[in-house]
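Listing of start_35.txt, compact mmCIF, C-alpha atoms (C1' of nucleotides)
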```txt
# COMPACT_ATOMS: atom_id res chain seq x y z
CA MET A 8 -0.44 5.22 -1.44
CA ILE A 9 0.35 5.98 2.16
CA ARG A 10 -2.70 4.57 3.80
CA MET A 11 -3.41 2.72 6.97
CA SER A 12 -4.60 -0.83 6.41
CA LYS A 13 -8.19 -1.51 7.30
CA GLU A 14 -6.97 -3.74 10.09
CA ALA A 15 -5.10 -0.89 11.74
CA ASP A 16 -7.99 1.43 10.99
CA TYR A 17 -10.44 -0.91 12.69
CA GLY A 18 -8.00 -1.50 15.52
CA ILE A 19 -7.96 2.18 16.38
CA LEU A 20 -11.70 2.47 15.93
CA LEU A 21 -12.40 -0.49 18.21
CA LEU A 22 -9.98 0.56 20.91
CA ALA A 23 -11.48 4.04 20.84
CA HIS A 24 -14.81 2.37 21.45
CA PHE A 25 -13.42 0.61 24.51
CA SER A 26 -11.79 3.79 25.75
CA HIS A 27 -14.93 5.80 25.34
CA GLN A 28 -16.97 3.46 27.52
CA GLN A 29 -16.58 2.97 31.21
CA GLN A 30 -13.00 2.02 32.00
CA GLY A 31 -12.23 -1.66 32.40
CA ARG A 32 -15.58 -2.76 31.09
CA LYS A 33 -15.74 -6.00 29.18
CA HIS A 34 -17.07 -6.17 25.61
CA SER A 35 -17.56 -9.22 23.43
CA ALA A 36 -16.58 -9.25 19.78
CA ARG A 37 -20.22 -9.58 18.80
CA GLU A 38 -21.21 -6.54 20.81
CA VAL A 39 -18.38 -4.41 19.48
CA ALA A 40 -19.08 -5.45 15.90
CA GLN A 41 -22.72 -4.46 16.21
CA ASP A 42 -22.03 -1.14 17.91
CA ASN A 43 -19.60 -0.14 15.18
CA GLY A 44 -21.35 -1.65 12.20
CA LEU A 45 -18.36 -3.77 11.25
CA PRO A 46 -18.33 -7.39 9.99
CA LEU A 47 -18.06 -9.78 12.92
CA PRO A 48 -15.31 -12.05 11.54
CA MET A 49 -13.11 -9.04 10.90
CA VAL A 50 -13.74 -7.66 14.37
CA ARG A 51 -12.88 -11.04 15.84
CA LYS A 52 -9.65 -11.09 13.91
CA VAL A 53 -8.57 -7.63 14.98
CA LEU A 54 -9.51 -8.09 18.63
CA LYS A 55 -7.50 -11.30 18.72
CA ILE A 56 -4.48 -9.43 17.45
CA LEU A 57 -4.88 -6.60 19.92
CA ALA A 58 -5.15 -9.10 22.75
CA ARG A 59 -2.12 -11.05 21.60
CA GLU A 60 -0.14 -7.82 21.39
CA GLY A 61 -1.12 -6.84 24.89
CA LEU A 62 -3.41 -3.88 24.34
CA LEU A 63 -6.52 -5.80 25.36
CA ILE A 64 -7.03 -8.38 28.07
CA SER A 65 -9.04 -11.33 26.87
CA HIS A 66 -11.55 -13.15 29.03
CA ARG A 67 -12.34 -16.55 27.59
CA GLY A 68 -15.37 -18.71 28.09
CA ALA A 69 -19.05 -17.91 28.34
CA ARG A 70 -19.76 -14.27 29.10
CA GLY A 71 -16.16 -13.53 28.23
CA GLY A 72 -14.91 -10.63 26.15
CA TYR A 73 -12.12 -8.11 26.09
CA SER A 74 -11.16 -5.16 28.24
CA LEU A 75 -8.61 -2.38 27.83
CA VAL A 76 -5.27 -3.11 29.43
CA ARG A 77 -4.89 0.47 30.69
CA LEU A 78 -6.44 3.89 30.46
CA GLY A 79 -7.09 5.27 27.00
CA GLN A 80 -5.01 8.32 27.66
CA ARG A 81 -2.00 6.05 28.06
CA ILE A 82 -2.43 4.23 24.74
CA THR A 83 -1.10 5.94 21.65
CA VAL A 84 -2.08 5.60 18.03
CA ALA A 85 1.51 4.64 17.26
CA GLU A 86 1.26 1.70 19.65
CA ILE A 87 -1.91 0.44 18.06
CA ILE A 88 -0.53 0.62 14.56
CA LYS A 89 2.57 -1.19 15.70
CA ALA A 90 0.48 -3.90 17.35
CA VAL A 91 -1.57 -4.54 14.23
CA GLU A 92 0.92 -3.95 11.43
CA GLY A 93 4.26 -4.37 13.07
CA PRO A 94 6.86 -1.64 13.49
CA LEU A 95 6.25 1.41 11.34
CA ALA A 96 8.54 1.29 8.32
CA MET A 97 7.81 3.84 5.64
CA THR A 98 10.50 2.33 3.43
CA GLU A 99 12.13 -1.06 3.07
CA CYS A 100 15.50 0.09 4.37
CA VAL A 101 13.98 1.19 7.64
CA GLU A 102 12.43 -2.20 8.28
CA ALA A 103 15.21 -4.44 7.05
CA PRO A 104 18.56 -2.68 6.92
CA GLY A 105 20.87 -4.35 4.47
CA GLU A 106 18.20 -5.91 2.30
CA CYS A 107 17.69 -3.02 -0.07
CA ARG A 108 19.71 -3.53 -3.20
CA LEU A 109 20.36 0.21 -3.42
CA GLU A 110 21.68 0.62 0.07
CA SER A 111 25.29 1.01 -1.00
CA THR A 112 24.64 3.88 -3.37
CA CYS A 113 21.63 5.43 -1.68
CA GLN A 114 22.50 8.67 0.04
CA LEU A 115 19.17 8.88 1.74
CA LYS A 116 19.32 6.10 4.25
CA THR A 117 19.55 8.29 7.32
CA ALA A 118 16.97 10.57 5.77
CA TRP A 119 14.45 7.76 5.47
CA GLN A 120 15.09 6.92 9.08
CA ARG A 121 14.38 10.50 10.07
CA ILE A 122 11.23 10.65 7.98
CA ASN A 123 10.09 7.50 9.69
CA ASP A 124 10.89 8.82 13.16
CA THR A 125 9.11 12.05 12.39
CA VAL A 126 5.90 10.29 11.47
CA LEU A 127 6.28 7.92 14.39
CA GLN A 128 6.63 10.77 16.85
CA ALA A 129 3.59 12.47 15.43
CA LEU A 130 1.54 9.32 15.90
CA GLY A 131 3.06 8.71 19.31
CA ARG A 132 1.68 11.98 20.54
CA MET A 133 -1.94 11.03 19.88
CA THR A 134 -3.68 8.98 22.54
CA LEU A 135 -6.97 7.14 22.45
CA SER A 136 -8.66 9.66 24.67
CA ASP A 137 -7.44 12.45 22.41
CA LEU A 138 -9.37 10.77 19.63
CA THR A 139 -12.69 10.44 21.40
CA ASP A 140 -12.51 13.61 23.45
CA PRO A 141 -10.79 16.07 21.13
CA PRO A 142 -8.60 18.64 22.88
CA PRO A 143 -10.42 21.95 22.60
CA GLY A 144 -9.51 24.83 20.35
CA GLU A 145 -6.37 25.62 18.35
CA GLY A 146 -6.78 24.56 14.77
CA GLN A 147 -3.41 22.91 15.21
CA PRO A 148 -3.61 19.29 14.10
CA PHE A 149 -2.22 18.03 17.32
CA GLY A 150 -0.22 18.76 20.40
CA GLY A 151 -0.89 16.20 23.06
CA SER A 152 -1.44 16.87 26.72
CA ASP A 153 0.86 14.43 28.47
CA SER A 154 3.20 13.85 25.60
CA GLY A 155 6.01 15.81 27.17
CA LEU A 156 5.93 18.39 24.43
CA VAL A 157 4.87 22.01 24.59
CA ARG A 158 4.56 24.62 21.91
CA ILE A 159 7.00 27.41 22.53
CA GLN A 160 6.57 29.94 19.77
CA MET B 26 1.22 -1.55 6.35
CA ILE B 27 1.93 2.13 6.31
CA ARG B 28 4.56 2.26 3.64
CA MET B 29 5.43 4.62 0.89
CA SER B 30 4.93 3.15 -2.56
CA LYS B 31 8.07 2.49 -4.57
CA GLU B 32 6.98 5.19 -6.97
CA ALA B 33 6.98 7.81 -4.24
CA ASP B 34 10.15 6.35 -2.82
CA TYR B 35 11.89 6.64 -6.19
CA GLY B 36 10.42 10.09 -6.72
CA ILE B 37 12.07 11.39 -3.59
CA LEU B 38 15.30 9.58 -4.38
CA LEU B 39 15.45 10.98 -7.90
CA LEU B 40 14.60 14.52 -6.93
CA ALA B 41 17.21 14.38 -4.20
CA HIS B 42 19.66 13.44 -6.93
CA PHE B 43 18.69 16.50 -8.92
CA SER B 44 18.89 18.72 -5.87
CA HIS B 45 22.28 17.42 -4.89
CA GLN B 46 23.79 18.30 -8.26
CA GLN B 47 24.38 21.75 -9.60
CA GLN B 48 21.13 23.68 -9.53
CA GLY B 49 19.16 23.85 -12.76
CA ARG B 50 21.24 21.22 -14.46
CA LYS B 51 19.55 18.95 -16.94
CA HIS B 52 19.55 15.17 -16.54
CA SER B 53 18.11 12.57 -18.89
CA ALA B 54 16.15 9.59 -17.64
CA ARG B 55 18.89 7.26 -18.81
CA GLU B 56 21.54 9.15 -16.90
CA VAL B 57 19.51 9.32 -13.71
CA ALA B 58 18.64 5.64 -13.90
CA GLN B 59 22.27 4.66 -14.22
CA ASP B 60 23.48 6.95 -11.46
CA ASN B 61 20.94 5.54 -9.04
CA GLY B 62 20.96 1.93 -10.16
CA LEU B 63 17.25 1.88 -10.89
CA PRO B 64 15.44 0.24 -13.83
CA LEU B 65 15.16 2.69 -16.71
CA PRO B 66 11.46 2.16 -17.54
CA MET B 67 10.51 2.85 -13.94
CA VAL B 68 12.66 5.97 -13.82
CA ARG B 69 11.04 7.17 -17.03
CA LYS B 70 7.62 6.63 -15.54
CA VAL B 71 8.36 8.51 -12.34
CA LEU B 72 10.10 11.42 -14.05
CA LYS B 73 7.14 11.80 -16.36
CA ILE B 74 4.85 12.06 -13.37
CA LEU B 75 7.05 14.56 -11.59
CA ALA B 76 7.18 16.71 -14.71
CA ARG B 77 3.44 16.53 -15.23
CA GLU B 78 2.92 17.55 -11.61
CA GLY B 79 5.21 20.52 -11.97
CA LEU B 80 8.18 19.54 -9.84
CA LEU B 81 10.45 19.03 -12.83
CA ILE B 82 10.71 20.95 -16.08
CA SER B 83 10.93 18.66 -19.07
CA HIS B 84 13.07 19.42 -22.11
CA ARG B 85 11.99 17.33 -25.05
CA GLY B 86 13.93 16.33 -28.12
CA ALA B 87 17.52 15.26 -28.61
CA ARG B 88 19.78 16.19 -25.71
CA GLY B 89 16.69 16.88 -23.69
CA GLY B 90 16.08 15.86 -20.11
CA TYR B 91 14.64 17.22 -16.89
CA SER B 92 15.60 19.97 -14.49
CA LEU B 93 14.34 20.95 -11.05
CA VAL B 94 11.65 23.59 -11.10
CA ARG B 95 13.11 25.38 -8.07
CA LEU B 96 15.72 25.05 -5.38
CA GLY B 97 15.76 21.84 -3.40
CA GLN B 98 15.36 23.66 -0.15
CA ARG B 99 11.99 24.87 -1.37
CA ILE B 100 10.62 21.43 -2.26
CA THR B 101 9.18 19.35 0.55
CA VAL B 102 8.79 15.62 0.91
CA ALA B 103 5.06 16.16 1.35
CA GLU B 104 4.87 17.86 -2.05
CA ILE B 105 6.65 14.99 -3.76
CA ILE B 106 4.44 12.35 -2.21
CA LYS B 107 1.40 14.33 -3.21
CA ALA B 108 2.68 14.66 -6.77
CA VAL B 109 3.25 10.94 -7.15
CA GLU B 110 0.46 9.41 -5.09
CA GLY B 111 -2.11 12.14 -4.88
CA PRO B 112 -3.16 13.92 -1.70
CA LEU B 113 -2.12 12.13 1.47
CA ALA B 114 -5.09 10.24 2.88
CA MET B 115 -4.30 7.86 5.69
CA THR B 116 -7.91 6.69 5.74
CA GLU B 117 -10.73 6.51 3.25
CA CYS B 118 -12.84 9.15 4.96
CA VAL B 119 -10.07 11.72 4.64
CA GLU B 120 -9.81 11.23 0.90
CA ALA B 121 -13.47 10.88 0.01
CA PRO B 122 -15.75 12.29 2.69
CA GLY B 123 -19.17 10.71 2.53
CA GLU B 124 -18.11 7.49 0.86
CA CYS B 125 -17.29 5.55 3.98
CA ARG B 126 -20.22 3.40 4.98
CA LEU B 127 -19.40 3.97 8.65
CA GLU B 128 -19.31 7.72 8.50
CA SER B 129 -22.64 8.20 10.25
CA THR B 130 -21.71 6.16 13.30
CA CYS B 131 -17.96 6.76 13.34
CA GLN B 132 -16.96 9.12 16.09
CA LEU B 133 -13.43 9.42 14.83
CA LYS B 134 -13.87 11.39 11.67
CA THR B 135 -12.27 14.57 12.92
CA ALA B 136 -9.64 12.47 14.63
CA TRP B 137 -8.62 10.83 11.37
CA GLN B 138 -8.35 14.26 9.84
CA ARG B 139 -6.04 15.36 12.61
CA ILE B 140 -3.91 12.26 12.35
CA ASN B 141 -3.61 12.96 8.68
CA ASP B 142 -2.72 16.60 9.20
CA THR B 143 -0.15 15.67 11.81
CA VAL B 144 1.66 13.35 9.45
CA LEU B 145 1.32 15.84 6.62
CA GLN B 146 2.87 18.60 8.66
CA ALA B 147 5.74 16.38 9.65
CA LEU B 148 6.45 15.58 6.01
CA GLY B 149 5.93 19.18 4.99
CA ARG B 150 8.79 20.23 7.22
CA MET B 151 11.36 18.12 5.41
CA THR B 152 12.88 19.60 2.27
CA LEU B 153 15.00 17.99 -0.40
CA SER B 154 18.12 19.73 0.79
CA ASP B 155 17.46 18.51 4.32
CA LEU B 156 17.65 15.00 2.92
CA THR B 157 20.95 15.32 1.11
CA ASP B 158 22.64 17.72 3.50
CA PRO B 159 21.42 16.55 6.90
CA PRO B 160 21.07 19.27 9.52
CA PRO B 161 23.89 18.66 11.99
CA GLY B 162 23.60 17.18 15.45
CA GLU B 163 20.70 16.48 17.80
CA GLY B 164 19.57 12.91 17.62
CA GLN B 165 16.09 14.34 17.27
CA PRO B 166 14.43 12.88 14.21
CA PHE B 167 13.56 16.10 12.61
CA GLY B 168 12.38 19.56 12.17
CA GLY B 169 13.47 20.90 15.43
CA SER B 170 14.01 24.22 13.77
CA ASP B 171 10.64 25.51 12.66
CA SER B 172 8.36 23.01 14.32
CA GLY B 173 7.90 25.13 17.40
CA LEU B 174 8.10 22.07 19.60
CA VAL B 175 10.66 21.04 22.18
CA ARG B 176 10.77 18.11 24.53
CA ILE B 177 10.58 19.25 28.13
CA GLN B 178 10.75 16.17 30.27
C1' DT C 18 -22.84 -30.72 30.30
C1' DC C 19 -24.23 -27.14 27.37
C1' DA C 20 -23.65 -22.73 25.37
C1' DA C 21 -21.11 -18.76 24.50
C1' DA C 22 -17.08 -16.88 24.16
C1' DT C 23 -11.92 -16.47 22.57
C1' DA C 24 -7.44 -18.77 20.04
C1' DG C 25 -5.32 -20.24 16.13
C1' DT C 26 -4.83 -21.13 11.47
C1' DA C 27 -5.77 -21.67 6.83
C1' DC C 28 -7.85 -20.03 2.88
C1' DC C 29 -9.57 -17.11 -1.06
C1' DA C 30 -11.01 -13.36 -4.21
C1' DA C 31 -10.17 -8.77 -5.36
C1' DT C 32 -7.33 -4.95 -5.48
C1' DT C 33 -2.94 -2.70 -5.69
C1' DT C 34 1.68 -2.44 -6.99
C1' DG C 35 6.04 -2.70 -9.45
C1' DG C 36 7.51 -2.95 -13.67
C1' DT C 37 7.42 -3.33 -18.94
C1' DA C 38 6.14 -2.28 -23.84
C1' DC C 39 4.72 0.33 -27.50
C1' DT C 40 3.45 4.32 -30.18
C1' DA C 41 3.50 9.37 -30.80
C1' DT C 42 5.74 13.69 -30.48
C1' DT C 43 9.48 16.93 -30.00
C1' DA C 44 13.83 19.16 -31.12
C1' DG C 45 18.99 19.35 -31.68
C1' DC C 46 22.44 18.33 -35.12
C1' DT C 47 24.54 17.57 -39.48
C1' DA D 6 15.41 17.74 -44.78
C1' DG D 7 16.14 13.95 -42.18
C1' DC D 8 18.18 11.27 -38.48
C1' DT D 9 18.50 10.46 -33.76
C1' DA D 10 17.79 10.91 -28.99
C1' DA D 11 14.95 12.40 -25.94
C1' DT D 12 10.12 12.94 -23.50
C1' DA D 13 4.55 11.99 -23.48
C1' DG D 14 0.97 9.02 -23.10
C1' DT D 15 -1.19 4.84 -22.53
C1' DA D 16 -2.00 0.15 -22.06
C1' DC D 17 -0.72 -4.01 -20.14
C1' DC D 18 0.68 -7.89 -16.95
C1' DA D 19 2.40 -10.81 -13.12
C1' DA D 20 3.13 -10.87 -8.38
C1' DA D 21 2.24 -9.32 -3.84
C1' DT D 22 -0.92 -7.49 -0.50
C1' DT D 23 -5.25 -6.87 1.53
C1' DG D 24 -9.92 -7.48 3.24
C1' DG D 25 -12.60 -10.80 4.61
C1' DT D 26 -14.32 -15.66 5.63
C1' DA D 27 -14.36 -20.44 7.54
C1' DC D 28 -13.30 -23.99 10.51
C1' DT D 29 -11.57 -26.34 14.50
C1' DA D 30 -9.91 -26.25 19.27
C1' DT D 31 -10.13 -24.45 23.80
C1' DT D 32 -12.00 -22.18 27.76
C1' DT D 33 -15.43 -21.13 31.30
C1' DG D 34 -19.88 -19.57 33.52
C1' DA D 35 -24.35 -21.30 34.61
```
Translate this file's structure into structure tokens.
Amino acid sequence: MIRMSKEADYGILLLAHFSHQQQGRKHSAREVAQDNGLPLPMVRKVLKILAREGLLISHRGARGGYSLVRLGQRITVAEIIKAVEGPLAMTECVEAPGECRLESTCQLKTAWQRINDTVLQALGRMTLSDLTDPPPGEGQPFGGSDSGLVRIQ
Amino acid sequence: MIRMSKEADYGILLLAHFSHQQQGRKHSAREVAQDNGLPLPMVRKVLKILAREGLLISHRGARGGYSLVRLGQRITVAEIIKAVEGPLAMTECVEAPGECRLESTCQLKTAWQRINDTVLQALGRMTLSDLTDPPPGEGQPFGGSDSGLVRIQ
DNA sequence: TCAAATAGTACCAATTTGGTACTATTAGCT
DNA sequence: AGCTAATAGTACCAAATTGGTACTATTTGA
């Protein structure tokens, strides 16, 4: 099934939590876990990853915690997924060119790449602040404010 | 990881094979498996599913086989994935509203739905014939044509 | 120096996935 | 009529992945 892992799911959820609060504020893992009703060990794990990947700044020691590295409107869903799960690769051949046994006969290699890019672009247009403060109106699934894209017809 | 299952992967590959050949032609599982270098039992399994879901017409009995239900340019990648894996649901709450324990506190429910719709639309714009006969030019990943979106900066 | 926090790593049970096997049914061909 | 080649349906299994936990080391404010 095409489904986000729970880790990525939680990652987005937690970062949205950070983004929704006052900018730059520090939150401990314990606090975040409680606010979101998630198991603490799992929250710890995900926050560690997000810090290691540079989306959160970690503050060690007593009264430490994590804070967002930049404004929520400048962090995309695609970035978060990449941080937690690694580069988006809908198929094997996208992730590791040359390792798929079928690559010689498969006529769809460039097609897979385009499918992947299509999904990636879609996710790259959604920012954290879009998630918590939904853009008003238009039933359209998405269209991003500062994504550099406009609807023309 | 966000990855297509092999079943869906094969489903798209096999249908592309059908689409690329003369329209309406019949192919047996054995033939398709050989042409694509895939294990026969797996091909059988996937073709059965595609027939059950109405994307292929099955012809039973000796000299039977499968044929495409309609032209490749009228079958989308989204349809195929749905046939093989069920409705696209990037998160649990999209698939089964009300079952997620966090649903009461989660502020992202509508956001998940939009993420899902965004990906679904992207996949719904790619047809089988797009895969085998790539639209010429523009490095753009996809769907320039009827997506109504252009990059402006 | 203590307590509260993150960093890193290893581990495990449960689920999912990729693939196979087997039986039943259908239908063309001689 | 009967054989053969095909699909239909279902059950099964091993291996990989996932969701989650545990434990130790390190850091730092009070």
Take chain A, superimpose it onto chain B by least squares using every C-alpha atom paired in sequence order, and output the result as a CSV table (one decimal) with C-alpha atoms, in the frame of the given file.
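And here's superposed.csv as it stands now:
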```csv
chain,number,residue,atom,x,y,z
A,8,MET,CA,0.8,-2.2,5.7
A,9,ILE,CA,1.6,1.5,5.9
A,10,ARG,CA,4.2,1.7,3.2
A,11,MET,CA,5.2,4.2,0.6
A,12,SER,CA,4.6,3.0,-2.9
A,13,LYS,CA,7.7,2.4,-4.9
A,14,GLU,CA,6.7,5.3,-7.2
A,15,ALA,CA,6.8,7.7,-4.3
A,16,ASP,CA,9.9,6.1,-2.9
A,17,TYR,CA,11.7,6.5,-6.3
A,18,GLY,CA,10.3,10.0,-6.6
A,19,ILE,CA,12.0,11.1,-3.4
A,20,LEU,CA,15.1,9.3,-4.3
A,21,LEU,CA,15.3,10.9,-7.7
A,22,LEU,CA,14.6,14.4,-6.5
A,23,ALA,CA,17.2,14.0,-3.8
A,24,HIS,CA,19.6,13.2,-6.6
A,25,PHE,CA,18.7,16.4,-8.4
A,26,SER,CA,19.0,18.4,-5.2
A,27,HIS,CA,22.3,16.9,-4.3
A,28,GLN,CA,23.9,18.0,-7.6
A,29,GLN,CA,24.6,21.5,-8.7
A,30,GLN,CA,21.4,23.5,-8.5
A,31,GLY,CA,19.4,23.9,-11.7
A,32,ARG,CA,21.4,21.4,-13.6
A,33,LYS,CA,19.7,19.3,-16.2
A,34,HIS,CA,19.6,15.5,-16.0
A,35,SER,CA,18.1,13.1,-18.5
A,36,ALA,CA,16.1,10.1,-17.5
A,37,ARG,CA,18.8,7.8,-18.8
A,38,GLU,CA,21.4,9.5,-16.7
A,39,VAL,CA,19.4,9.5,-13.6
A,40,ALA,CA,18.4,5.8,-14.0
A,41,GLN,CA,22.0,4.8,-14.4
A,42,ASP,CA,23.3,6.9,-11.4
A,43,ASN,CA,20.7,5.4,-9.1
A,44,GLY,CA,20.6,1.8,-10.5
A,45,LEU,CA,16.9,2.0,-11.2
A,46,PRO,CA,15.1,0.5,-14.3
A,47,LEU,CA,14.9,3.2,-17.0
A,48,PRO,CA,11.2,2.8,-17.9
A,49,MET,CA,10.2,3.3,-14.2
A,50,VAL,CA,12.5,6.3,-13.9
A,51,ARG,CA,10.9,7.8,-17.1
A,52,LYS,CA,7.5,7.2,-15.6
A,53,VAL,CA,8.2,8.9,-12.3
A,54,LEU,CA,10.1,11.8,-13.8
A,55,LYS,CA,7.1,12.5,-16.1
A,56,ILE,CA,4.8,12.6,-13.1
A,57,LEU,CA,7.1,14.9,-11.2
A,58,ALA,CA,7.3,17.2,-14.2
A,59,ARG,CA,3.5,17.2,-14.7
A,60,GLU,CA,3.0,18.0,-11.0
A,61,GLY,CA,5.4,20.9,-11.2
A,62,LEU,CA,8.3,19.7,-9.1
A,63,LEU,CA,10.6,19.3,-12.1
A,64,ILE,CA,10.9,21.5,-15.3
A,65,SER,CA,11.1,19.4,-18.4
A,66,HIS,CA,13.3,20.3,-21.3
A,67,ARG,CA,12.1,18.4,-24.4
A,68,GLY,CA,14.1,17.5,-27.5
A,69,ALA,CA,17.6,16.4,-28.1
A,70,ARG,CA,19.9,17.1,-25.1
A,71,GLY,CA,16.8,17.7,-23.1
A,72,GLY,CA,16.2,16.5,-19.5
A,73,TYR,CA,14.7,17.7,-16.3
A,74,SER,CA,15.8,20.3,-13.7
A,75,LEU,CA,14.5,21.1,-10.2
A,76,VAL,CA,11.9,23.8,-10.1
A,77,ARG,CA,13.4,25.3,-7.0
A,78,LEU,CA,15.9,24.8,-4.3
A,79,GLY,CA,15.9,21.4,-2.5
A,80,GLN,CA,15.5,23.1,0.9
A,81,ARG,CA,12.2,24.4,-0.3
A,82,ILE,CA,10.7,21.1,-1.4
A,83,THR,CA,9.2,18.9,1.2
A,84,VAL,CA,8.8,15.1,1.4
A,85,ALA,CA,5.0,15.7,1.8
A,86,GLU,CA,4.9,17.6,-1.4
A,87,ILE,CA,6.6,14.8,-3.3
A,88,ILE,CA,4.4,12.2,-2.0
A,89,LYS,CA,1.4,14.3,-2.8
A,90,ALA,CA,2.7,14.8,-6.4
A,91,VAL,CA,3.1,11.1,-7.0
A,92,GLU,CA,0.3,9.5,-5.0
A,93,GLY,CA,-2.2,12.3,-4.6
A,94,PRO,CA,-3.2,13.9,-1.3
A,95,LEU,CA,-2.2,11.9,1.7
A,96,ALA,CA,-5.2,10.0,3.0
A,97,MET,CA,-4.5,7.4,5.7
A,98,THR,CA,-8.1,6.3,5.6
A,99,GLU,CA,-11.0,6.3,3.1
A,100,CYS,CA,-13.0,8.9,5.1
A,101,VAL,CA,-10.2,11.4,4.9
A,102,GLU,CA,-10.0,11.2,1.1
A,103,ALA,CA,-13.6,10.9,0.2
A,104,PRO,CA,-15.9,12.2,3.0
A,105,GLY,CA,-19.3,10.7,2.7
A,106,GLU,CA,-18.3,7.6,0.9
A,107,CYS,CA,-17.5,5.4,3.9
A,108,ARG,CA,-20.5,3.3,4.7
A,109,LEU,CA,-19.7,3.6,8.4
A,110,GLU,CA,-19.5,7.4,8.5
A,111,SER,CA,-22.8,7.8,10.3
A,112,THR,CA,-21.9,5.6,13.2
A,113,CYS,CA,-18.2,6.1,13.3
A,114,GLN,CA,-17.1,8.2,16.2
A,115,LEU,CA,-13.6,8.5,14.9
A,116,LYS,CA,-14.0,10.7,11.9
A,117,THR,CA,-12.3,13.8,13.3
A,118,ALA,CA,-9.7,11.5,14.9
A,119,TRP,CA,-8.8,10.1,11.5
A,120,GLN,CA,-8.5,13.6,10.2
A,121,ARG,CA,-6.1,14.5,13.0
A,122,ILE,CA,-4.0,11.4,12.6
A,123,ASN,CA,-3.7,12.3,8.9
A,124,ASP,CA,-2.8,15.9,9.7
A,125,THR,CA,-0.2,14.7,12.2
A,126,VAL,CA,1.6,12.5,9.7
A,127,LEU,CA,1.3,15.2,7.1
A,128,GLN,CA,2.9,17.8,9.3
A,129,ALA,CA,5.7,15.4,10.1
A,130,LEU,CA,6.4,14.8,6.4
A,131,GLY,CA,6.0,18.5,5.7
A,132,ARG,CA,8.8,19.4,8.0
A,133,MET,CA,11.4,17.3,6.0
A,134,THR,CA,12.9,18.9,3.0
A,135,LEU,CA,15.0,17.4,0.2
A,136,SER,CA,18.2,19.0,1.5
A,137,ASP,CA,17.5,17.6,4.9
A,138,LEU,CA,17.6,14.2,3.4
A,139,THR,CA,20.9,14.5,1.6
A,140,ASP,CA,22.6,16.7,4.1
A,141,PRO,CA,21.3,15.4,7.4
A,142,PRO,CA,21.0,18.0,10.2
A,143,PRO,CA,23.8,17.3,12.6
A,144,GLY,CA,23.4,15.8,16.1
A,145,GLU,CA,20.3,15.2,18.3
A,146,GLY,CA,19.1,11.7,17.9
A,147,GLN,CA,15.7,13.3,17.4
A,148,PRO,CA,14.1,11.9,14.3
A,149,PHE,CA,13.5,15.3,12.9
A,150,GLY,CA,13.0,19.0,13.6
A,151,GLY,CA,13.5,21.0,10.4
A,152,SER,CA,15.4,24.2,10.1
A,153,ASP,CA,13.1,26.5,8.2
A,154,SER,CA,9.9,24.7,9.1
A,155,GLY,CA,8.8,27.4,11.5
A,156,LEU,CA,8.9,25.0,14.4
A,157,VAL,CA,11.3,25.0,17.4
A,158,ARG,CA,11.7,22.6,20.2
A,159,ILE,CA,10.9,24.4,23.5
A,160,GLN,CA,11.3,21.8,26.2
```
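Every chain D residue lying within 10 Å of chain B, based on all atoms listed in the file, is listed here: D:DT9, D:DA10, D:DA11, D:DT12, D:DA13, D:DG14, D:DT22, D:DT23.
Between atom CA of A:Ala40 and atom C1' of C:DC19 the interatomic distance comes to 25.1 Å.
Between atom C1' of C:DC29 and atom CA of B:Ala121 there is a distance of 28.3 Å.
What separates atom CA of A:Leu47 from atom C1' of D:DT33 is a distance of 21.8 Å.
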Give me, as a tab-separated table, each residue of chain C that comes within 12 Å of chain B, together with its shortest interatomic pair and the distance in Å at one decimal, counting only C-alpha atoms (C1' of nucleotides), with rows ordered by chain and rising residue number.
```
residue	atom	partner	partner_atom	distance
C:DT33	C1'	B:Ser30	CA	10.3
C:DT34	C1'	B:Ser30	CA	7.8
C:DG35	C1'	B:Lys31	CA	7.4
C:DG36	C1'	B:Met67	CA	6.5
C:DT37	C1'	B:Pro66	CA	7.0
C:DA38	C1'	B:Pro66	CA	9.4
C:DT42	C1'	B:Gly86	CA	8.9
C:DT43	C1'	B:Gly86	CA	4.9
C:DA44	C1'	B:Gly86	CA	4.1
C:DG45	C1'	B:Ala87	CA	5.3
C:DC46	C1'	B:Ala87	CA	8.7
```
Neighbour list for A:Ser136 as an MDAnalysis selection string, cut-off 12 Å, all atoms listed in the file, skip fewer than 3 positions in-chain: (chainID A and resid 19:20 22:28 30 77:84 132:133 139:142 151:153) or (chainID B and resid 132:133 136)
Once you add 5 Å to each side, what are the centre and edge lengths of the axis-aligned box holding all listed atoms of stretch 87-101 of chain B? One decimal in Å, as lines of an AutoDock Vina configuration file, if you can.
```
center_x = 14.5
center_y = 20.3
center_z = -14.0
size_x = 20.6
size_y = 20.1
size_z = 39.2
```
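Across B:Met115, B:Ala108, B:Val71, B:Leu93, the tightest approach to chain A is made by B:Met115 when counting all atoms listed in the file.
When all atoms listed in the file are used to compute distances to chain B, the closest of the residues A:Val76, A:Ala58, A:Ile122, A:Val39 turns out to be A:Ile122.
You can rank B:Leu80, B:Leu127, B:Val68, B:Ile74 by their closest distance to chain A using all atoms listed in the file, and at the top of that list sits B:Leu127.
With all atoms listed in the file as the basis for measurement, B:Leu148 is the residue among B:Gly36, B:Leu148, B:Gly79, B:Gln47 that approaches chain A most closely.
Using only C-alpha atoms, the nearest neighbour of chain B within the list A:Lys116, A:Lys33, A:Lys89, A:Arg121 is A:Arg121.
Comparing the minimum interatomic distances between chain B and each of A:His34, A:Asn43, A:Val101, A:Glu86, counting only C-alpha atoms, we find that A:Asn43 sits nearest.
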Contacts of C:DT18 at 12 Å (only C-alpha atoms (C1' of nucleotides); same-chain gap of 2+ positions) as a PyMOL selection string: (chain C and resi 20) or (chain D and resi 34-35)
